[in-house]
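Have a look at the structure below, then the notes.
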Amino acid sequence: MILAAFRSEWVKLRRRTLLLGTFGGLTVAASLFSVLTFSQAPATGEGGGGLPSLAELARPNGLIHGLDFAILLLGIVAFGIAASQMANEYSLGTLRQLLVRQPRRSKLLIGKYLGVISFLVAAIAVAAVLTGCVDVLLAHLRHVPTHAWFTSTGITDLTRALGELLLASVGFATLGMVAGLFLRSSVFAVIVGFAYLLPLEQLIERIFPGSKRWLPGQQLTYIGQGGAPASSFSRSLLIGAIYLAVAGAFAVYSFTRRDVTA
């Protein structure tokens with residue numbers, strides 16, 4: 001049963017070291033971007049690197065600026081955790097034992113996928129909420145009024161931004177699980193994923209400037225930001241969905257057909 005596979009995945013995911021490390025690490029990472037945003041924000045105009053001003057931070061959408069800057073980092077962390085959870089089943093030799101209990105591989109894979117995705121969605125949601133608390137504290141330290149954040153417009157903007165962030169994170173985690181399944185080594189999968197999402201995509205963009213409208217990592221980042229001048233939210237969502245559907249189809253086919261030798 002898919003539910004049984006889902007529950008067995010959570011038995012592994014709720015280990016204290018992994019649970020606290022993931023939730024705490026994501027919170028610290030997101031909070032660092034908030035600290036950078038508030039500490040470097042000028043009174044008016046724009047700060048270095050396109051940082052908003054204190055006046056802009058006082059607007060209804062001021063609470064989401066830190067999250068926008070943290071999207072790629074949170075996505076990379078989600079990719080790494082998902083890749084390692086999938087690849088570890090091969091490298092530790094536990095997959096064969098799981099298949100004895102659940103020989104229907106597609107159901108096992110779906111259960112594992114839902115387990116990892118729900119774990120990461122929960123971790124990123126908690127990190128976003130706690131980062132919001134840090135934002136309120138930083139706003140008071142820099143004398144930024146926060147009443148606009150909690151108006152109906154501010155709550156709507158925050159809810160939309162959080163949904164886009166979680167959607168992008170699901171995409172990054174899905175790519176991570178696919179990488180872990182194909183490479184079957186947690187270290188190799190994480191290294192390859194990080195190398196592609198950070199330096200390689202940026203290098204491709206520099207050589208072919210128009211390519212950023214098509215690269216998968218960039219599309220997921222645009223989704224988390226609610227769209228960008230280079231690609232609208234709906235366009236990025238469509239292209240990202242196509243990438244994930246193709247990658248998912250190959251992953252399911254590989255998982256159900258390839259021999260498990262360890």
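Identifiers in this document derive from the order of the structure tokens: chains are assigned A, B, ..., residues are numbered from 1 separately in each chain, and ligands are numbered from 1 in order of occurrence.
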Find the residues of stretch 85-199 of chain A that sit at most 8 Å from stretch 218-242 of chain A; for each, write down the nearest two atoms and how far apart they are in Å, to one decimal. Count only C-alpha atoms. Sort by chain, then by number going up, and give it as a tab-separated table.
```
residue	atom	partner	partner_atom	distance
A:Ala161	CA	A:Gly226	CA	7.1
A:Glu164	CA	A:Gly224	CA	4.7
A:Leu165	CA	A:Gly224	CA	4.4
A:Leu166	CA	A:Gly224	CA	7.5
A:Leu167	CA	A:Gly224	CA	6.9
A:Ala168	CA	A:Gly224	CA	5.0
A:Ser169	CA	A:Gly224	CA	7.8
A:Gly171	CA	A:Leu220	CA	6.6
A:Phe172	CA	A:Leu220	CA	7.2
```
Any chance you can output those residues with all heavy atoms as an mmCIF file, in the first residue's frame?
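To be explicit, this is the file written out as selection-v8.cif:
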```cif
data_model
loop_
_atom_site.group_PDB
_atom_site.id
_atom_site.type_symbol
_atom_site.label_atom_id
_atom_site.label_comp_id
_atom_site.auth_asym_id
_atom_site.auth_seq_id
_atom_site.Cartn_x
_atom_site.Cartn_y
_atom_site.Cartn_z
ATOM 1 N N ALA A 161 2.942 34.317 -1.707
ATOM 2 C CA ALA A 161 4.393 34.100 -1.773
ATOM 3 C C ALA A 161 4.784 32.774 -1.147
ATOM 4 O O ALA A 161 5.658 32.064 -1.668
ATOM 5 C CB ALA A 161 5.119 35.256 -1.079
ATOM 6 N N GLU A 164 3.882 29.976 -3.552
ATOM 7 C CA GLU A 164 4.832 29.901 -4.657
ATOM 8 C C GLU A 164 6.160 29.297 -4.208
ATOM 9 O O GLU A 164 6.770 28.514 -4.941
ATOM 10 C CB GLU A 164 5.044 31.311 -5.235
ATOM 11 C CG GLU A 164 3.811 31.867 -5.932
ATOM 12 C CD GLU A 164 3.896 33.362 -6.154
ATOM 13 O OE1 GLU A 164 4.835 34.005 -5.637
ATOM 14 O OE2 GLU A 164 3.008 33.914 -6.830
ATOM 15 N N LEU A 165 6.592 29.656 -2.997
ATOM 16 C CA LEU A 165 7.832 29.091 -2.459
ATOM 17 C C LEU A 165 7.720 27.587 -2.274
ATOM 18 O O LEU A 165 8.633 26.834 -2.648
ATOM 19 C CB LEU A 165 8.155 29.758 -1.119
ATOM 20 C CG LEU A 165 9.315 29.161 -0.317
ATOM 21 C CD1 LEU A 165 10.623 29.280 -1.093
ATOM 22 C CD2 LEU A 165 9.439 29.843 1.035
ATOM 23 N N LEU A 166 6.605 27.137 -1.717
ATOM 24 C CA LEU A 166 6.421 25.700 -1.504
ATOM 25 C C LEU A 166 6.327 24.963 -2.838
ATOM 26 O O LEU A 166 6.858 23.854 -2.978
ATOM 27 C CB LEU A 166 5.158 25.460 -0.679
ATOM 28 C CG LEU A 166 5.211 25.957 0.771
ATOM 29 C CD1 LEU A 166 3.868 25.722 1.458
ATOM 30 C CD2 LEU A 166 6.321 25.280 1.546
ATOM 31 N N LEU A 167 5.681 25.579 -3.818
ATOM 32 C CA LEU A 167 5.561 24.958 -5.137
ATOM 33 C C LEU A 167 6.941 24.787 -5.775
ATOM 34 O O LEU A 167 7.259 23.727 -6.336
ATOM 35 C CB LEU A 167 4.660 25.812 -6.026
ATOM 36 C CG LEU A 167 4.122 25.185 -7.313
ATOM 37 C CD1 LEU A 167 3.301 23.941 -7.007
ATOM 38 C CD2 LEU A 167 3.268 26.199 -8.073
ATOM 39 N N ALA A 168 7.760 25.824 -5.692
ATOM 40 C CA ALA A 168 9.112 25.736 -6.243
ATOM 41 C C ALA A 168 9.939 24.683 -5.498
ATOM 42 O O ALA A 168 10.695 23.928 -6.115
ATOM 43 C CB ALA A 168 9.799 27.093 -6.159
ATOM 44 N N SER A 169 9.772 24.619 -4.185
ATOM 45 C CA SER A 169 10.529 23.647 -3.385
ATOM 46 C C SER A 169 10.148 22.218 -3.742
ATOM 47 O O SER A 169 10.999 21.329 -3.775
ATOM 48 C CB SER A 169 10.288 23.896 -1.895
ATOM 49 O OG SER A 169 10.705 25.196 -1.530
ATOM 50 N N GLY A 171 9.246 21.275 -6.660
ATOM 51 C CA GLY A 171 9.935 21.022 -7.921
ATOM 52 C C GLY A 171 11.397 20.659 -7.713
ATOM 53 O O GLY A 171 11.905 19.693 -8.302
ATOM 54 N N PHE A 172 12.102 21.424 -6.872
ATOM 55 C CA PHE A 172 13.507 21.122 -6.588
ATOM 56 C C PHE A 172 13.652 19.741 -5.942
ATOM 57 O O PHE A 172 14.564 18.978 -6.268
ATOM 58 C CB PHE A 172 14.102 22.192 -5.672
ATOM 59 C CG PHE A 172 14.519 23.453 -6.371
ATOM 60 C CD1 PHE A 172 13.803 24.628 -6.191
ATOM 61 C CD2 PHE A 172 15.616 23.465 -7.201
ATOM 62 C CE1 PHE A 172 14.188 25.804 -6.823
ATOM 63 C CE2 PHE A 172 16.018 24.632 -7.850
ATOM 64 C CZ PHE A 172 15.288 25.808 -7.661
#
```
Test item, alpha helix (DSSP H) assignment across stretch 24-215 of chain A, answer as a PyMOL selection string: chain A and resi 24-40+54-57+65-91+95-101+105-141+152-183+186-195+201-207
Selection: 10 Å around stretch 31-44 of chain A, only C-alpha atoms, excl. self and same-chain fewer than 2 positions, as a PyMOL selection string: chain A and resi 25-29+46-57+63-71+73+127-128+130-135+138-139+141-142+144
Surrounding residues of A:Leu175 excluding itself and chain neighbours under 4 positions, 8 Å, only C-alpha atoms, as a PyMOL selection string: chain A and resi 79+83+171+179+244+247
Would you give me, as JSON lines, each residue of stretch 126-201 of chain A having an atom within 10 Å of an atom of stretch 88-108 of chain A, along with its shortest atom pair and that distance in Å to one decimal, using only C-alpha atoms and sorting by chain and residue number?
```
{"residue": "A:Gly180", "atom": "CA", "partner": "A:Asn88", "partner_atom": "CA", "distance": 8.1}
{"residue": "A:Leu181", "atom": "CA", "partner": "A:Tyr90", "partner_atom": "CA", "distance": 8.4}
{"residue": "A:Leu183", "atom": "CA", "partner": "A:Tyr90", "partner_atom": "CA", "distance": 9.5}
{"residue": "A:Arg184", "atom": "CA", "partner": "A:Tyr90", "partner_atom": "CA", "distance": 5.7}
{"residue": "A:Ser185", "atom": "CA", "partner": "A:Ser91", "partner_atom": "CA", "distance": 6.1}
{"residue": "A:Ser186", "atom": "CA", "partner": "A:Asn88", "partner_atom": "CA", "distance": 5.8}
{"residue": "A:Val187", "atom": "CA", "partner": "A:Asn88", "partner_atom": "CA", "distance": 9.2}
```
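Using only C-alpha atoms, the smallest distance between any of A:Ala249, A:Met1, A:Met86, A:Ala58 and A:Trp149 comes from A:Ala58.
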Residue with smallest distance to A:Leu20 - pool A:Leu158, A:Arg59, A:Ala78, A:Ala123, counting only C-alpha atoms: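 So, comparing all the options, the nearest one is A:Ala123.
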Which residue of A:Gly248, A:Ile110, A:Gly176, A:Phe23 approaches A:Val129 most closely, using only C-alpha atoms: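 Smallest distance to A:Val129 is found for A:Phe23.
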